[in-house]
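Novice: Quick one, model37.pdb (PDB, N, CA and C atoms and all ligand atoms):
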MODEL        1
ATOM      1  N   MET A   1      18.188 -21.926   8.649
ATOM      2  CA  MET A   1      16.723 -21.782   8.514
ATOM      3  C   MET A   1      16.147 -22.903   7.662
ATOM      4  N   GLN A   2      15.011 -23.345   8.054
ATOM      5  CA  GLN A   2      14.342 -24.423   7.333
ATOM      6  C   GLN A   2      13.010 -23.950   6.782
ATOM      7  N   CYS A   3      12.596 -24.569   5.699
ATOM      8  CA  CYS A   3      11.283 -24.286   5.137
ATOM      9  C   CYS A   3      10.208 -24.820   6.079
ATOM     10  N   PRO A   4       9.244 -23.976   6.468
ATOM     11  CA  PRO A   4       8.198 -24.439   7.393
ATOM     12  C   PRO A   4       7.256 -25.454   6.754
ATOM     13  N   LYS A   5       7.313 -25.540   5.447
ATOM     14  CA  LYS A   5       6.371 -26.422   4.743
ATOM     15  C   LYS A   5       6.953 -27.810   4.539
ATOM     16  N   CYS A   6       8.183 -27.842   3.988
ATOM     17  CA  CYS A   6       8.751 -29.152   3.656
ATOM     18  C   CYS A   6      10.010 -29.469   4.448
ATOM     19  N   GLY A   7      10.563 -28.500   5.219
ATOM     20  CA  GLY A   7      11.712 -28.770   6.057
ATOM     21  C   GLY A   7      13.033 -28.701   5.329
ATOM     22  N   SER A   8      13.039 -28.311   4.059
ATOM     23  CA  SER A   8      14.264 -28.215   3.283
ATOM     24  C   SER A   8      15.096 -27.015   3.713
ATOM     25  N   GLU A   9      16.429 -27.143   3.633
ATOM     26  CA  GLU A   9      17.297 -26.015   3.983
ATOM     27  C   GLU A   9      17.830 -25.312   2.736
ATOM     28  N   ASN A  10      17.336 -25.669   1.600
ATOM     29  CA  ASN A  10      17.717 -25.031   0.339
ATOM     30  C   ASN A  10      16.832 -23.800   0.126
ATOM     31  N   ILE A  11      17.234 -22.690   0.804
ATOM     32  CA  ILE A  11      16.374 -21.514   0.825
ATOM     33  C   ILE A  11      17.091 -20.304   0.241
ATOM     34  N   ASN A  12      16.393 -19.556  -0.555
ATOM     35  CA  ASN A  12      16.910 -18.344  -1.187
ATOM     36  C   ASN A  12      16.222 -17.125  -0.577
ATOM     37  N   PHE A  13      17.026 -16.059  -0.319
ATOM     38  CA  PHE A  13      16.434 -14.854   0.259
ATOM     39  C   PHE A  13      16.316 -13.770  -0.805
ATOM     40  N   GLN A  14      15.195 -13.106  -0.786
ATOM     41  CA  GLN A  14      14.954 -12.037  -1.750
ATOM     42  C   GLN A  14      14.507 -10.781  -1.013
ATOM     43  N   MET A  15      14.994  -9.636  -1.514
ATOM     44  CA  MET A  15      14.520  -8.357  -0.988
ATOM     45  C   MET A  15      13.359  -7.868  -1.842
ATOM     46  N   VAL A  16      12.271  -7.590  -1.194
ATOM     47  CA  VAL A  16      11.080  -7.155  -1.916
ATOM     48  C   VAL A  16      10.750  -5.730  -1.504
ATOM     49  N   GLY A  17      10.609  -4.886  -2.487
ATOM     50  CA  GLY A  17      10.212  -3.502  -2.222
ATOM     51  C   GLY A  17       8.712  -3.394  -2.097
ATOM     52  N   GLU A  18       8.283  -2.728  -1.034
ATOM     53  CA  GLU A  18       6.857  -2.627  -0.785
ATOM     54  C   GLU A  18       6.460  -1.159  -0.733
ATOM     55  N   SER A  19       5.618  -0.749  -1.636
ATOM     56  CA  SER A  19       5.189   0.646  -1.672
ATOM     57  C   SER A  19       4.176   0.900  -0.576
ATOM     58  N   LYS A  20       4.287   2.086   0.035
ATOM     59  CA  LYS A  20       3.392   2.399   1.139
ATOM     60  C   LYS A  20       2.077   3.023   0.680
ATOM     61  N   LEU A  21       2.098   3.559  -0.541
ATOM     62  CA  LEU A  21       0.895   4.193  -1.037
ATOM     63  C   LEU A  21      -0.033   3.149  -1.629
ATOM     64  N   LYS A  22      -1.033   2.824  -0.866
ATOM     65  CA  LYS A  22      -1.983   1.829  -1.352
ATOM     66  C   LYS A  22      -3.386   2.424  -1.355
ATOM     67  N   THR A  23      -4.110   2.097  -2.386
ATOM     68  CA  THR A  23      -5.463   2.616  -2.513
ATOM     69  C   THR A  23      -6.457   1.543  -2.089
ATOM     70  N   LYS A  24      -7.326   1.960  -1.209
ATOM     71  CA  LYS A  24      -8.372   1.033  -0.788
ATOM     72  C   LYS A  24      -9.476   0.974  -1.837
ATOM     73  N   HIS A  25      -9.912  -0.191  -2.111
ATOM     74  CA  HIS A  25     -10.999  -0.350  -3.062
ATOM     75  C   HIS A  25     -12.305  -0.665  -2.336
ATOM     76  N   HIS A  26     -13.302   0.085  -2.701
ATOM     77  CA  HIS A  26     -14.592  -0.111  -2.067
ATOM     78  C   HIS A  26     -15.516  -0.907  -2.971
ATOM     79  N   GLY A  27     -16.488  -1.521  -2.346
ATOM     80  CA  GLY A  27     -17.436  -2.341  -3.080
ATOM     81  C   GLY A  27     -18.500  -1.509  -3.765
ATOM     82  N   ALA A  28     -19.331  -2.165  -4.535
ATOM     83  CA  ALA A  28     -20.371  -1.487  -5.316
ATOM     84  C   ALA A  28     -21.411  -0.845  -4.412
ATOM     85  N   ILE A  29     -21.702  -1.502  -3.296
ATOM     86  CA  ILE A  29     -22.712  -0.981  -2.366
ATOM     87  C   ILE A  29     -22.232   0.322  -1.745
ATOM     88  N   TYR A  30     -20.944   0.365  -1.439
ATOM     89  CA  TYR A  30     -20.357   1.580  -0.889
ATOM     90  C   TYR A  30     -20.549   2.741  -1.855
ATOM     91  N   TRP A  31     -20.227   2.511  -3.117
ATOM     92  CA  TRP A  31     -20.324   3.573  -4.109
ATOM     93  C   TRP A  31     -21.771   3.977  -4.350
ATOM     94  N   LEU A  32     -22.663   3.019  -4.268
ATOM     95  CA  LEU A  32     -24.077   3.285  -4.525
ATOM     96  C   LEU A  32     -24.673   4.187  -3.452
ATOM     97  N   PHE A  33     -24.277   3.977  -2.189
ATOM     98  CA  PHE A  33     -24.915   4.699  -1.089
ATOM     99  C   PHE A  33     -24.058   5.839  -0.534
ATOM    100  N   ILE A  34     -22.749   5.691  -0.564
ATOM    101  CA  ILE A  34     -21.888   6.672   0.106
ATOM    102  C   ILE A  34     -20.915   7.340  -0.856
ATOM    103  N   GLY A  35     -20.257   6.542  -1.664
ATOM    104  CA  GLY A  35     -19.120   7.008  -2.451
ATOM    105  C   GLY A  35     -19.384   8.217  -3.317
ATOM    106  N   TRP A  36     -20.565   8.260  -3.953
ATOM    107  CA  TRP A  36     -20.824   9.308  -4.945
ATOM    108  C   TRP A  36     -20.928  10.694  -4.334
ATOM    109  N   TRP A  37     -21.314  10.795  -3.064
ATOM    110  CA  TRP A  37     -21.339  12.120  -2.437
ATOM    111  C   TRP A  37     -20.186  12.322  -1.452
ATOM    112  N   LEU A  38     -19.678  11.232  -0.881
ATOM    113  CA  LEU A  38     -18.591  11.352   0.085
ATOM    114  C   LEU A  38     -17.275  11.705  -0.596
ATOM    115  N   GLN A  39     -17.028  11.068  -1.749
ATOM    116  CA  GLN A  39     -15.752  11.280  -2.416
ATOM    117  C   GLN A  39     -15.550  12.732  -2.868
ATOM    118  N   PRO A  40     -16.560  13.367  -3.506
ATOM    119  CA  PRO A  40     -16.361  14.787  -3.859
ATOM    120  C   PRO A  40     -16.155  15.665  -2.639
ATOM    121  N   LEU A  41     -16.871  15.350  -1.541
ATOM    122  CA  LEU A  41     -16.693  16.115  -0.304
ATOM    123  C   LEU A  41     -15.286  15.939   0.246
ATOM    124  N   LEU A  42     -14.823  14.688   0.283
ATOM    125  CA  LEU A  42     -13.475  14.408   0.762
ATOM    126  C   LEU A  42     -12.449  15.096  -0.122
ATOM    127  N   TRP A  43     -12.705  15.049  -1.422
ATOM    128  CA  TRP A  43     -11.790  15.682  -2.370
ATOM    129  C   TRP A  43     -11.719  17.181  -2.111
ATOM    130  N   LEU A  44     -12.901  17.759  -1.868
ATOM    131  CA  LEU A  44     -12.982  19.208  -1.654
ATOM    132  C   LEU A  44     -12.278  19.623  -0.366
ATOM    133  N   PHE A  45     -12.501  18.842   0.696
ATOM    134  CA  PHE A  45     -12.008  19.257   2.003
ATOM    135  C   PHE A  45     -10.638  18.683   2.352
ATOM    136  N   LEU A  46     -10.222  17.662   1.653
ATOM    137  CA  LEU A  46      -8.918  17.070   1.962
ATOM    138  C   LEU A  46      -7.909  17.253   0.843
ATOM    139  N   THR A  47      -8.318  16.930  -0.367
ATOM    140  CA  THR A  47      -7.360  16.930  -1.470
ATOM    141  C   THR A  47      -6.956  18.337  -1.875
ATOM    142  N   LEU A  48      -7.936  19.246  -1.942
ATOM    143  CA  LEU A  48      -7.619  20.624  -2.336
ATOM    144  C   LEU A  48      -6.647  21.301  -1.375
ATOM    145  N   PRO A  49      -6.913  21.266  -0.054
ATOM    146  CA  PRO A  49      -5.913  21.832   0.875
ATOM    147  C   PRO A  49      -4.563  21.145   0.771
ATOM    148  N   MET A  50      -4.571  19.823   0.565
ATOM    149  CA  MET A  50      -3.317  19.095   0.454
ATOM    150  C   MET A  50      -2.563  19.512  -0.807
ATOM    151  N   LEU A  51      -3.324  19.741  -1.889
ATOM    152  CA  LEU A  51      -2.706  20.193  -3.132
ATOM    153  C   LEU A  51      -2.076  21.570  -2.936
ATOM    154  N   LEU A  52      -2.803  22.450  -2.245
ATOM    155  CA  LEU A  52      -2.291  23.787  -1.980
ATOM    156  C   LEU A  52      -1.024  23.722  -1.143
ATOM    157  N   VAL A  53      -1.039  22.840  -0.134
ATOM    158  CA  VAL A  53       0.145  22.666   0.708
ATOM    159  C   VAL A  53       1.305  22.136  -0.125
ATOM    160  N   THR A  54       0.981  21.192  -1.028
ATOM    161  CA  THR A  54       2.021  20.610  -1.871
ATOM    162  C   THR A  54       2.621  21.654  -2.806
ATOM    163  N   ILE A  55       1.738  22.510  -3.366
ATOM    164  CA  ILE A  55       2.195  23.503  -4.328
ATOM    165  C   ILE A  55       2.964  24.623  -3.630
ATOM    166  N   PHE A  56       2.390  25.132  -2.534
ATOM    167  CA  PHE A  56       2.981  26.300  -1.889
ATOM    168  C   PHE A  56       3.891  25.941  -0.720
ATOM    169  N   GLY A  57       3.790  24.726  -0.258
ATOM    170  CA  GLY A  57       4.605  24.323   0.884
ATOM    171  C   GLY A  57       6.018  23.955   0.464
ATOM    172  N   HIS A  58       6.780  23.535   1.440
ATOM    173  CA  HIS A  58       8.162  23.137   1.160
ATOM    174  C   HIS A  58       8.180  21.830   0.365
ATOM    175  N   LYS A  59       9.225  21.677  -0.432
ATOM    176  CA  LYS A  59       9.276  20.530  -1.330
ATOM    177  C   LYS A  59      10.284  19.487  -0.859
ATOM    178  N   LYS A  60      10.134  19.094   0.371
ATOM    179  CA  LYS A  60      11.017  18.063   0.901
ATOM    180  C   LYS A  60      10.236  16.773   1.087
ATOM    181  N   GLN A  61       9.800  16.241  -0.024
ATOM    182  CA  GLN A  61       9.011  15.014   0.064
ATOM    183  C   GLN A  61       9.855  13.797  -0.314
ATOM    184  N   LYS A  62       9.605  12.763   0.380
ATOM    185  CA  LYS A  62      10.324  11.510   0.132
ATOM    186  C   LYS A  62       9.331  10.406  -0.167
ATOM    187  N   LEU A  63       9.723   9.577  -1.086
ATOM    188  CA  LEU A  63       8.933   8.369  -1.320
ATOM    189  C   LEU A  63       9.566   7.247  -0.517
ATOM    190  N   ILE A  64       8.832   6.840   0.491
ATOM    191  CA  ILE A  64       9.372   5.828   1.395
ATOM    192  C   ILE A  64       9.026   4.438   0.877
ATOM    193  N   THR A  65      10.058   3.694   0.602
ATOM    194  CA  THR A  65       9.846   2.316   0.170
ATOM    195  C   THR A  65      10.404   1.383   1.227
ATOM    196  N   LYS A  66       9.554   0.536   1.698
ATOM    197  CA  LYS A  66       9.923  -0.394   2.752
ATOM    198  C   LYS A  66      10.436  -1.678   2.122
ATOM    199  N   HIS A  67      11.646  -2.046   2.496
ATOM    200  CA  HIS A  67      12.201  -3.288   1.965
ATOM    201  C   HIS A  67      12.061  -4.388   3.004
ATOM    202  N   LYS A  68      11.552  -5.484   2.571
ATOM    203  CA  LYS A  68      11.461  -6.614   3.478
ATOM    204  C   LYS A  68      12.071  -7.839   2.832
ATOM    205  N   SER A  69      12.567  -8.686   3.677
ATOM    206  CA  SER A  69      13.224  -9.887   3.204
ATOM    207  C   SER A  69      12.226 -11.032   3.129
ATOM    208  N   VAL A  70      12.224 -11.679   1.987
ATOM    209  CA  VAL A  70      11.329 -12.803   1.797
ATOM    210  C   VAL A  70      12.161 -14.040   1.511
ATOM    211  N   ALA A  71      11.884 -15.094   2.230
ATOM    212  CA  ALA A  71      12.582 -16.356   2.012
ATOM    213  C   ALA A  71      11.786 -17.218   1.050
ATOM    214  N   VAL A  72      12.499 -17.789   0.082
ATOM    215  CA  VAL A  72      11.840 -18.647  -0.900
ATOM    216  C   VAL A  72      12.510 -20.011  -0.869
ATOM    217  N   CYS A  73      11.721 -21.023  -0.639
ATOM    218  CA  CYS A  73      12.232 -22.394  -0.624
ATOM    219  C   CYS A  73      12.477 -22.858  -2.057
ATOM    220  N   GLN A  74      13.705 -23.345  -2.318
ATOM    221  CA  GLN A  74      14.044 -23.815  -3.661
ATOM    222  C   GLN A  74      13.518 -25.228  -3.906
ATOM    223  N   ASN A  75      13.077 -25.855  -2.869
ATOM    224  CA  ASN A  75      12.615 -27.241  -2.986
ATOM    225  C   ASN A  75      11.124 -27.313  -3.372
ATOM    226  N   CYS A  76      10.296 -26.554  -2.659
ATOM    227  CA  CYS A  76       8.853 -26.658  -2.925
ATOM    228  C   CYS A  76       8.254 -25.354  -3.414
ATOM    229  N   GLY A  77       9.059 -24.271  -3.419
ATOM    230  CA  GLY A  77       8.543 -22.997  -3.933
ATOM    231  C   GLY A  77       7.778 -22.184  -2.907
ATOM    232  N   ASN A  78       7.746 -22.639  -1.673
ATOM    233  CA  ASN A  78       7.042 -21.906  -0.628
ATOM    234  C   ASN A  78       7.805 -20.636  -0.285
ATOM    235  N   SER A  79       7.078 -19.539  -0.076
ATOM    236  CA  SER A  79       7.724 -18.280   0.310
ATOM    237  C   SER A  79       7.076 -17.737   1.562
ATOM    238  N   TRP A  80       7.893 -17.122   2.418
ATOM    239  CA  TRP A  80       7.358 -16.575   3.662
ATOM    240  C   TRP A  80       8.204 -15.393   4.097
ATOM    241  N   ASN A  81       7.621 -14.563   4.927
ATOM    242  CA  ASN A  81       8.324 -13.378   5.440
ATOM    243  C   ASN A  81       9.254 -13.774   6.567
ATOM    244  N   THR A  82      10.432 -13.157   6.572
ATOM    245  CA  THR A  82      11.387 -13.474   7.647
ATOM    246  C   THR A  82      11.351 -12.404   8.726
TER     247      THR A  82
HETATM  248 ZN    ZN A 101       9.897 -26.016   1.115
ENDMDL
END
Starting from the coordinates I provided, produce the structure as structure tokens.
Ligand SMILES: [Zn+2]
Specialist:
Amino acid sequence: MQCPKCGSENINFQMVGESKLKTKHHGAIYWLFIGWWLQPLLWLFLTLPMLLVTIFGHKKQKLITKHKSVAVCQNCGNSWNT
């Protein structure tokens, strides 16, 4: 394998853990017009039932971590997904 940037074959591979739980961030306009009433509603209708399911439901939950290989060029420092 060669570095796509500089063509060097001095490449190191790294395993990177990637968490699947990501929080979307909304802008100020979103919060001004929608967020302040939508979020409590979503919390009421989604989070509460989910909490109840979590508390009273079965406890077979897994935290899924996706591992991906990242190549790092030792010559120029360029990194890319393999
Ligand atoms: Zn390179």
Novice: Hey, what's within 9 Å of Glu9 (chain A) if we count only C-alpha atoms and toss same-chain stuff fewer than 4 positions away? As an NGL selection string, please?
Specialist: :A and (1-3 or 73-75)
Novice: If you run DSSP over the backbone, which residues in chain A end up strand (DSSP E or B)? Put them as a list in words.
Specialist: Ile11, Asn12, Phe13, Gln14, Met15, Val16, Gly17, Glu18, Ser19, Thr65, Lys66, His67, Lys68, Ser69, Val70, Ala71, Val72, Cys73, Ser79, Trp80 and Asn81 of chain A
Novice: Report, in Å with one decimal, the straight-line distance from atom C of Thr47 (chain A) to atom N of Gly35 (chain A).
Specialist: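 Going from atom C of Thr47 (chain A) over to atom N of Gly35 (chain A) covers 17.8 Å.
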Novice: Report the residues retrieved by the PyMOL selection byres (((not hetatm)) within 5 of (chain A and resi 101)) from the displayed file, expressed as a list in words.
Specialist: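 So the PyMOL selection byres (((not hetatm)) within 5 of (chain A and resi 101)), applied here, picks out Cys3, Lys5, Cys6, Gly7, Ser8, Cys73, Asn75, Cys76, Gly77 and Asn78 of chain A.
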Novice: In Å to one decimal, how far is CA of Ile11 (chain A) from CA of Ala71 (chain A)?
Specialist: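 If I compute the distance from CA of Ala71 (chain A) to CA of Ile11 (chain A), I get 6.5 Å.
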Novice: Check what the PyMOL selection byres (((chain A and resi 70) around 7) and not hetatm) selects in the file above and give those residues as a PyMOL selection string.
Specialist: chain A and resi 12-16+68-69+71-72+79-82
Novice: May I ask for the distance between atom N of Thr65 (chain A) and atom C of Gly17 (chain A), given in Å to one decimal place?
Specialist: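 It comes out at 7.7 Å.
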Novice: Please give the complete set of residues from region 7-82 of chain A that DSSP, run on the backbone, assigns to alpha helix (DSSP H), formatted as number ranges by chain.
Specialist: A: 28-30, 36-42, 48-56
Novice: Keeping N, CA and C atoms, export the residues of the selection given above as a JSON list (two decimals), in the frame of the given file.
Specialist:
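Final output, saved to again07.json:
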[["chain", "number", "residue", "atom", "x", "y", "z"],
["A", 28, "ALA", "N", -19.33, -2.16, -4.54],
["A", 28, "ALA", "CA", -20.37, -1.49, -5.32],
["A", 28, "ALA", "C", -21.41, -0.84, -4.41],
["A", 29, "ILE", "N", -21.70, -1.50, -3.30],
["A", 29, "ILE", "CA", -22.71, -0.98, -2.37],
["A", 29, "ILE", "C", -22.23, 0.32, -1.74],
["A", 30, "TYR", "N", -20.94, 0.36, -1.44],
["A", 30, "TYR", "CA", -20.36, 1.58, -0.89],
["A", 30, "TYR", "C", -20.55, 2.74, -1.86],
["A", 36, "TRP", "N", -20.56, 8.26, -3.95],
["A", 36, "TRP", "CA", -20.82, 9.31, -4.94],
["A", 36, "TRP", "C", -20.93, 10.69, -4.33],
["A", 37, "TRP", "N", -21.31, 10.80, -3.06],
["A", 37, "TRP", "CA", -21.34, 12.12, -2.44],
["A", 37, "TRP", "C", -20.19, 12.32, -1.45],
["A", 38, "LEU", "N", -19.68, 11.23, -0.88],
["A", 38, "LEU", "CA", -18.59, 11.35, 0.08],
["A", 38, "LEU", "C", -17.27, 11.70, -0.60],
["A", 39, "GLN", "N", -17.03, 11.07, -1.75],
["A", 39, "GLN", "CA", -15.75, 11.28, -2.42],
["A", 39, "GLN", "C", -15.55, 12.73, -2.87],
["A", 40, "PRO", "N", -16.56, 13.37, -3.51],
["A", 40, "PRO", "CA", -16.36, 14.79, -3.86],
["A", 40, "PRO", "C", -16.16, 15.66, -2.64],
["A", 41, "LEU", "N", -16.87, 15.35, -1.54],
["A", 41, "LEU", "CA", -16.69, 16.11, -0.30],
["A", 41, "LEU", "C", -15.29, 15.94, 0.25],
["A", 42, "LEU", "N", -14.82, 14.69, 0.28],
["A", 42, "LEU", "CA", -13.48, 14.41, 0.76],
["A", 42, "LEU", "C", -12.45, 15.10, -0.12],
["A", 48, "LEU", "N", -7.94, 19.25, -1.94],
["A", 48, "LEU", "CA", -7.62, 20.62, -2.34],
["A", 48, "LEU", "C", -6.65, 21.30, -1.38],
["A", 49, "PRO", "N", -6.91, 21.27, -0.05],
["A", 49, "PRO", "CA", -5.91, 21.83, 0.88],
["A", 49, "PRO", "C", -4.56, 21.14, 0.77],
["A", 50, "MET", "N", -4.57, 19.82, 0.56],
["A", 50, "MET", "CA", -3.32, 19.10, 0.45],
["A", 50, "MET", "C", -2.56, 19.51, -0.81],
["A", 51, "LEU", "N", -3.32, 19.74, -1.89],
["A", 51, "LEU", "CA", -2.71, 20.19, -3.13],
["A", 51, "LEU", "C", -2.08, 21.57, -2.94],
["A", 52, "LEU", "N", -2.80, 22.45, -2.24],
["A", 52, "LEU", "CA", -2.29, 23.79, -1.98],
["A", 52, "LEU", "C", -1.02, 23.72, -1.14],
["A", 53, "VAL", "N", -1.04, 22.84, -0.13],
["A", 53, "VAL", "CA", 0.14, 22.67, 0.71],
["A", 53, "VAL", "C", 1.30, 22.14, -0.12],
["A", 54, "THR", "N", 0.98, 21.19, -1.03],
["A", 54, "THR", "CA", 2.02, 20.61, -1.87],
["A", 54, "THR", "C", 2.62, 21.65, -2.81],
["A", 55, "ILE", "N", 1.74, 22.51, -3.37],
["A", 55, "ILE", "CA", 2.19, 23.50, -4.33],
["A", 55, "ILE", "C", 2.96, 24.62, -3.63],
["A", 56, "PHE", "N", 2.39, 25.13, -2.53],
["A", 56, "PHE", "CA", 2.98, 26.30, -1.89],
["A", 56, "PHE", "C", 3.89, 25.94, -0.72]]
